[in-house]
$ cat structure-v9.csv   # CSV, C-alpha atoms
chain,number,residue,atom,x,y,z
A,19,MET,CA,0.0,0.0,0.0
A,20,GLU,CA,2.8,2.4,0.8
A,21,LEU,CA,4.4,1.7,-2.6
A,22,VAL,CA,1.1,2.7,-4.3
A,23,GLU,CA,0.8,5.8,-2.1
A,24,ASP,CA,4.4,6.7,-3.1
A,25,GLY,CA,3.3,6.7,-6.8
A,26,HIS,CA,4.4,3.1,-7.8
A,27,ILE,CA,1.4,2.0,-9.9
A,28,ARG,CA,2.9,-0.9,-11.8
A,29,VAL,CA,3.0,-3.6,-9.1
A,30,VAL,CA,3.8,-7.3,-9.0
A,31,VAL,CA,2.7,-9.0,-5.7
A,32,ASN,CA,4.8,-12.1,-5.2
A,33,LEU,CA,2.8,-14.9,-3.6
A,34,GLU,CA,5.4,-17.6,-4.4
A,35,GLU,CA,6.4,-18.0,-0.8
A,36,VAL,CA,2.9,-17.5,0.7
A,37,GLY,CA,1.7,-20.7,2.2
A,38,PHE,CA,-1.7,-19.5,3.5
A,39,LEU,CA,-4.2,-17.0,2.2
A,40,ASP,CA,-7.6,-16.3,3.8
A,41,SER,CA,-10.3,-13.6,3.3
A,42,SER,CA,-8.2,-11.1,5.3
A,43,GLY,CA,-5.4,-11.5,2.8
A,44,LEU,CA,-7.8,-11.3,-0.1
A,45,GLY,CA,-9.2,-8.1,1.3
A,46,ALA,CA,-5.7,-6.6,1.3
A,47,LEU,CA,-5.1,-7.6,-2.2
A,48,VAL,CA,-8.4,-6.3,-3.5
A,49,GLY,CA,-7.8,-3.0,-1.7
A,50,ALA,CA,-4.4,-2.7,-3.3
A,51,LEU,CA,-5.8,-3.6,-6.7
A,52,LYS,CA,-8.5,-0.9,-6.3
A,53,ARG,CA,-6.0,1.8,-5.4
A,54,VAL,CA,-3.7,0.9,-8.3
A,55,ASN,CA,-6.6,0.9,-10.7
A,56,GLU,CA,-7.8,4.3,-9.4
A,57,ARG,CA,-4.4,5.7,-10.3
A,58,GLY,CA,-4.4,4.1,-13.8
A,59,GLY,CA,-1.8,1.5,-12.9
A,60,ARG,CA,-1.6,-2.3,-13.1
A,61,LEU,CA,-1.3,-4.9,-10.3
A,62,VAL,CA,-0.6,-8.5,-11.1
A,63,LEU,CA,0.0,-11.5,-9.0
A,64,ALA,CA,2.8,-14.0,-9.1
A,65,CYS,CA,1.1,-17.1,-7.8
A,66,PRO,CA,2.1,-20.7,-8.7
A,67,ASP,CA,-0.1,-23.7,-8.0
A,68,GLY,CA,-0.9,-24.1,-4.3
A,69,SER,CA,-3.2,-23.1,-1.5
A,70,PRO,CA,-3.3,-19.3,-2.3
A,71,LEU,CA,-4.2,-20.0,-5.9
A,72,LYS,CA,-6.9,-22.4,-4.8
A,73,VAL,CA,-8.4,-19.7,-2.6
A,74,LEU,CA,-8.3,-17.2,-5.4
A,75,THR,CA,-10.1,-19.7,-7.7
A,76,ILE,CA,-12.8,-20.6,-5.1
A,77,THR,CA,-13.6,-17.0,-4.5
A,78,GLY,CA,-13.7,-16.2,-8.3
A,79,LEU,CA,-10.9,-13.6,-7.8
A,80,ASP,CA,-8.8,-15.5,-10.3
A,81,LYS,CA,-10.9,-13.7,-12.9
A,82,VAL,CA,-10.3,-10.3,-11.2
A,83,PHE,CA,-6.6,-10.5,-10.9
A,84,ALA,CA,-4.0,-11.1,-13.6
A,85,ILE,CA,-2.2,-14.1,-12.3
A,86,HIS,CA,1.1,-15.5,-13.5
A,87,ASP,CA,3.1,-18.6,-12.4
A,88,SER,CA,6.2,-16.7,-11.4
A,89,VAL,CA,7.6,-13.2,-10.8
A,90,ASP,CA,9.5,-13.4,-14.1
A,91,ASP,CA,6.4,-14.2,-16.0
A,92,ALA,CA,4.5,-11.4,-14.2
A,93,LEU,CA,7.3,-8.9,-15.0
A,94,ARG,CA,7.2,-9.9,-18.7
A,95,SER,CA,3.4,-9.4,-18.9
B,2,MET,CA,-16.2,-42.7,23.4
B,3,ALA,CA,-15.5,-39.8,21.1
B,4,ASP,CA,-12.5,-37.5,21.8
B,5,ARG,CA,-13.0,-33.9,22.5
B,6,PHE,CA,-10.4,-31.1,22.1
B,7,THR,CA,-11.2,-27.5,23.0
B,8,LEU,CA,-9.4,-24.2,22.7
B,9,GLU,CA,-10.5,-20.9,24.3
B,10,LEU,CA,-9.1,-18.0,22.3
B,11,PRO,CA,-8.6,-14.4,23.4
B,12,PRO,CA,-10.4,-12.1,20.9
B,13,GLU,CA,-7.2,-11.0,19.3
B,14,PRO,CA,-6.1,-11.5,15.6
B,15,ILE,CA,-3.0,-13.4,16.7
B,16,SER,CA,-5.3,-16.1,18.0
B,17,ILE,CA,-6.3,-17.1,14.5
B,18,GLY,CA,-3.0,-18.6,13.8
B,19,THR,CA,-3.2,-20.6,17.0
B,20,ALA,CA,-6.6,-21.9,16.0
B,21,ARG,CA,-5.3,-23.0,12.6
B,22,LEU,CA,-2.3,-24.8,14.1
B,23,PHE,CA,-4.4,-26.5,16.8
B,24,SER,CA,-7.0,-27.7,14.2
B,25,ALA,CA,-4.4,-28.9,11.8
B,26,THR,CA,-2.5,-30.8,14.5
B,27,VAL,CA,-5.6,-32.7,15.7
B,28,ALA,CA,-6.7,-33.4,12.1
B,29,ARG,CA,-3.2,-34.8,11.2
B,30,PHE,CA,-3.3,-36.9,14.4
B,31,PHE,CA,-6.4,-38.6,13.1
B,32,GLY,CA,-4.8,-39.2,9.7
B,33,MET,CA,-6.7,-36.5,7.7
B,34,GLN,CA,-5.3,-36.1,4.2
B,35,GLU,CA,-3.0,-33.0,3.7
B,36,GLU,CA,-5.1,-31.5,1.0
B,37,THR,CA,-8.2,-31.6,3.4
B,38,VAL,CA,-6.1,-30.2,6.2
B,39,GLU,CA,-5.3,-27.1,4.0
B,40,ASP,CA,-9.1,-26.6,3.5
B,41,LEU,CA,-9.7,-27.1,7.1
B,42,LYS,CA,-7.1,-24.5,8.1
B,43,LEU,CA,-8.8,-22.0,5.7
B,44,ALA,CA,-12.3,-22.7,7.1
B,45,VAL,CA,-11.2,-22.5,10.7
B,46,SER,CA,-9.4,-19.2,9.9
B,47,GLU,CA,-12.5,-17.8,8.4
B,48,ALA,CA,-14.8,-18.8,11.2
B,49,CYS,CA,-12.4,-17.5,13.9
B,50,THR,CA,-11.8,-14.3,12.0
B,51,VAL,CA,-15.5,-13.5,12.0
B,52,ALA,CA,-15.9,-14.6,15.6
B,53,ILE,CA,-12.9,-12.6,16.8
B,54,ARG,CA,-14.0,-9.5,14.9
B,55,ALA,CA,-17.4,-9.7,16.5
B,56,ASN,CA,-16.0,-10.0,20.0
B,57,GLU,CA,-12.8,-8.0,20.0
B,58,ALA,CA,-14.4,-4.8,21.3
B,59,HIS,CA,-16.1,-6.7,24.1
B,60,GLY,CA,-13.2,-8.8,25.2
B,61,ARG,CA,-15.3,-12.0,24.9
B,62,ARG,CA,-13.4,-15.2,24.2
B,63,VAL,CA,-14.0,-17.4,21.2
B,64,HIS,CA,-14.4,-21.2,21.7
B,65,LEU,CA,-13.1,-23.8,19.2
B,66,ALA,CA,-14.1,-27.4,19.8
B,67,ILE,CA,-13.1,-30.5,17.9
B,68,GLU,CA,-15.0,-33.7,18.6
B,69,GLY,CA,-15.0,-37.2,17.2
B,70,GLY,CA,-12.1,-39.1,15.7
B,71,HIS,CA,-12.9,-41.9,13.2
B,72,PRO,CA,-14.8,-41.8,10.9
B,73,ALA,CA,-15.1,-38.0,11.2
B,74,LEU,CA,-14.1,-34.9,13.2
B,75,THR,CA,-16.6,-32.1,13.9
B,76,PHE,CA,-15.2,-28.6,14.2
B,77,SER,CA,-17.3,-25.9,15.9
B,78,VAL,CA,-16.5,-22.3,16.5
B,79,SER,CA,-18.7,-20.6,19.1
B,80,ASP,CA,-18.2,-16.9,19.2
B,81,GLY,CA,-19.7,-16.2,22.6
B,82,GLY,CA,-21.8,-13.2,21.9
B,83,SER,CA,-22.8,-11.9,18.5
B,84,GLU,CA,-26.2,-12.3,17.1
B,85,VAL,CA,-26.8,-14.3,13.9
B,86,SER,CA,-29.3,-11.7,12.8
B,87,ASP,CA,-26.6,-9.0,12.9
B,88,ARG,CA,-24.5,-10.7,10.3
B,89,THR,CA,-24.8,-8.5,7.3
B,90,ASP,CA,-21.2,-7.4,7.1
B,91,PRO,CA,-20.0,-8.3,3.5
B,92,LEU,CA,-16.8,-9.7,4.9
B,93,GLU,CA,-18.7,-12.0,7.2
B,94,VAL,CA,-20.9,-13.1,4.4
B,95,ALA,CA,-17.9,-13.8,2.2
B,96,SER,CA,-16.3,-15.8,5.0
B,97,GLY,CA,-19.4,-17.9,5.4
B,98,GLU,CA,-19.6,-18.5,1.6
B,99,LEU,CA,-16.0,-19.6,1.6
B,100,ILE,CA,-16.6,-22.1,4.4
B,101,HIS,CA,-19.7,-23.4,2.7
B,102,THR,CA,-17.8,-23.9,-0.5
B,103,LEU,CA,-15.1,-25.8,1.2
B,104,PHE,CA,-17.5,-27.8,3.3
B,105,PRO,CA,-21.0,-27.8,1.9
B,106,SER,CA,-22.4,-29.5,5.1
B,107,ALA,CA,-21.3,-26.6,7.2
B,108,GLU,CA,-24.0,-25.2,9.4
B,109,PHE,CA,-24.4,-21.7,10.7
B,110,ALA,CA,-26.7,-21.9,13.6
B,111,PRO,CA,-27.9,-19.7,16.4
B,112,THR,CA,-27.6,-21.3,19.8
B,113,GLU,CA,-30.3,-21.2,22.5
B,114,ASP,CA,-28.9,-18.2,24.1
B,115,GLY,CA,-28.6,-16.2,20.8
B,116,ARG,CA,-25.0,-16.8,20.1
B,117,ALA,CA,-23.7,-18.0,16.7
B,118,ASP,CA,-22.0,-21.3,16.0
B,119,VAL,CA,-20.3,-22.5,12.9
B,120,ARG,CA,-20.0,-26.2,12.7
B,121,PHE,CA,-18.7,-28.6,10.1
B,122,SER,CA,-17.7,-32.3,9.9
B,123,ILE,CA,-14.8,-33.7,7.9
B,124,PRO,CA,-14.1,-37.4,7.3
B,125,THR,CA,-10.8,-38.8,8.6
B,126,SER,CA,-9.1,-41.7,7.1
B,127,ALA,CA,-9.8,-45.0,8.8
$ encode --input "structure-v9.csv" --output "C-alpha cells"
Amino acid sequence: MELVEDGHIRVVVNLEEVGFLDSSGLGALVGALKRVNERGGRLVLACPDGSPLKVLTITGLDKVFAIHDSVDDALRS
Amino acid sequence: MADRFTLELPPEPISIGTARLFSATVARFFGMQEETVEDLKLAVSEACTVAIRANEAHGRRVHLAIEGGHPALTFSVSDGGSEVSDRTDPLEVASGELIHTLFPSAEFAPTEDGRADVRFSIPTSA
C-alpha cells in the first residue's frame, strides 16, 4: 500500500512463498488492486499452484486479478 | 467414546494462527489427508476471523471445539456473543460463503442463548 501511495502504480505481488491466504489477505489484495486501478496503474500476482491459488479460484478472484506462475512471467506481462 | 479437544481463544487477531495450528494438529493426528487439512485451516481461519472481529471490542473469548475421531471430526467455533441476525457485514458473508464452498455440510446456527455457532464435519481416514 505504501508503494502505491508513493506513486508506484505498476506492481507485482509475489505470492510464491505464501503458504496460506484467507479472506483477510484477499481483502488486502483487493484493496491494493482498487488503489492501483484508481491511479491508472496495473497490479498483477505471481502465484504458482498451491493453497493461495486455490483460494483465489474458489472466490472467483482469479478472474479479477491477472495471475502468473512466477515473478519473471509477471514482469514480462 | 469420542475424543473432544477444546481451545479458548482471546479475541485478538493473533489467536487465529493458533486456532489454525491446533486444528491442523488434531486433524493430522487422526490421519486426515493433507489437502483436506489445508481446506480445514482455511475454514477455521475464516470462522475464527468472523468470531474474533465480533468479540474483539467486548473482550469475549471465542471457543473452538473438535469432537469425534474416526470416521469424522466435527469442528465448531462458538463466538460467545454476537447475534446471527446482525451478520450482514459483507466480509462475514464472504467468509461464510467460503466455508460453505469448502465444506457444503457446514451449518451456521444460532444457539439457544442467541450466540452464533459455525459447525462442520470432515471425514478422517480409517
$ closest_residue --input "structure-v9.csv" --among "A:Asp90, A:Glu20, A:Asp40, A:Asp67" --to "chain B" --atoms "all atoms listed in the file"
A:Asp40
$ atom_distance --input "structure-v9.csv" --atom1 "CA of Arg21 in chain B" --atom2 "CA of Val30 in chain A"
28.2 Å
$ closest_atom_pairs --input "structure-v9.csv" --of "chain A" --to "chain B" --cutoff "9 Å" --atoms "only C-alpha atoms" --output "tab-separated table"
residue	atom	partner	partner_atom	distance
A:Phe38	CA	B:Leu43	CA	7.8
A:Leu39	CA	B:Leu43	CA	7.6
A:Asp40	CA	B:Leu43	CA	6.1
A:Ser41	CA	B:Ser96	CA	6.6
A:Ser42	CA	B:Thr50	CA	8.3
A:Gly45	CA	B:Leu92	CA	8.6
A:Ser69	CA	B:Glu39	CA	7.1
A:Val73	CA	B:Leu43	CA	8.6
A:Ile76	CA	B:Leu99	CA	7.5
A:Thr77	CA	B:Leu99	CA	7.1
$ atom_distance --input "structure-v9.csv" --atom1 "CA of Asp87 in chain A" --atom2 "CA of Cys65 in chain A"
5.2 Å
$ residues_around --input "structure-v9.csv" --residues "Phe121 in chain B" --least-positions-apart "2" --cutoff "8 Å" --atoms "only C-alpha atoms" --output "number ranges by chain"
B: 75-77, 104, 106-108, 119, 123
$ atom_distance --input "structure-v9.csv" --atom1 "CA of Ala28 in chain B" --atom2 "CA of Leu41 in chain B"
8.6 Å
$ closest_residue --input "structure-v9.csv" --among "B:Glu9, B:Thr26, B:Ala110, B:Phe31" --to "Val63 in chain B" --atoms "all atoms listed in the file"
B:Glu9
$ residues_around --input "structure-v9.csv" --residues "Arg53 in chain A" --least-positions-apart "5" --cutoff "10 Å" --atoms "all atoms listed in the file" --output "list in words"
Met19, Val22, Glu23, Ile27, Leu47, Val48, Gly58, Gly59, Arg60 and Leu61 of chain A
$ residues_around --input "structure-v9.csv" --residues "Thr7 in chain B" --least-positions-apart "6" --cutoff "8 Å" --atoms "only C-alpha atoms" --output "NGL selection string"
:B and (64-67)
$ closest_residue --input "structure-v9.csv" --among "B:Ile15, B:Leu74, B:Ala3, B:Leu8" --to "Arg54 in chain B" --atoms "all atoms listed in the file"
B:Ile15
$ closest_residue --input "structure-v9.csv" --among "A:Gly43, A:Gly49, A:Gly25, A:Pro66" --to "Val89 in chain A" --atoms "all atoms listed in the file"
A:Pro66
$ closest_residue --input "structure-v9.csv" --among "B:Ser122, B:Gly97, B:Gly70, B:Ala55" --to "Gly32 in chain B" --atoms "all atoms listed in the file"
B:Gly70
$ closest_residue --input "structure-v9.csv" --among "B:Phe109, B:Phe6, B:Glu13, B:Pro124" --to "Glu57 in chain B" --atoms "only C-alpha atoms"
B:Glu13
$ residues_around --input "structure-v9.csv" --residues "Ala64 in chain A" --least-positions-apart "4" --cutoff "7 Å" --atoms "all atoms listed in the file" --output "PyMOL selection string"
chain A and resi 30-34+85-89+92
$ write_last_selection --input "structure-v9.csv" --atoms "C-alpha atoms" --output "PDB file, in the frame of the given file"
ATOM      1  CA  VAL A  30       3.800  -7.300  -9.000  1.00  0.00           C
ATOM      2  CA  VAL A  31       2.700  -9.000  -5.700  1.00  0.00           C
ATOM      3  CA  ASN A  32       4.800 -12.100  -5.200  1.00  0.00           C
ATOM      4  CA  LEU A  33       2.800 -14.900  -3.600  1.00  0.00           C
ATOM      5  CA  GLU A  34       5.400 -17.600  -4.400  1.00  0.00           C
ATOM      6  CA  ILE A  85      -2.200 -14.100 -12.300  1.00  0.00           C
ATOM      7  CA  HIS A  86       1.100 -15.500 -13.500  1.00  0.00           C
ATOM      8  CA  ASP A  87       3.100 -18.600 -12.400  1.00  0.00           C
ATOM      9  CA  SER A  88       6.200 -16.700 -11.400  1.00  0.00           C
ATOM     10  CA  VAL A  89       7.600 -13.200 -10.800  1.00  0.00           C
ATOM     11  CA  ALA A  92       4.500 -11.400 -14.200  1.00  0.00           C
TER      12      ALA A  92
END
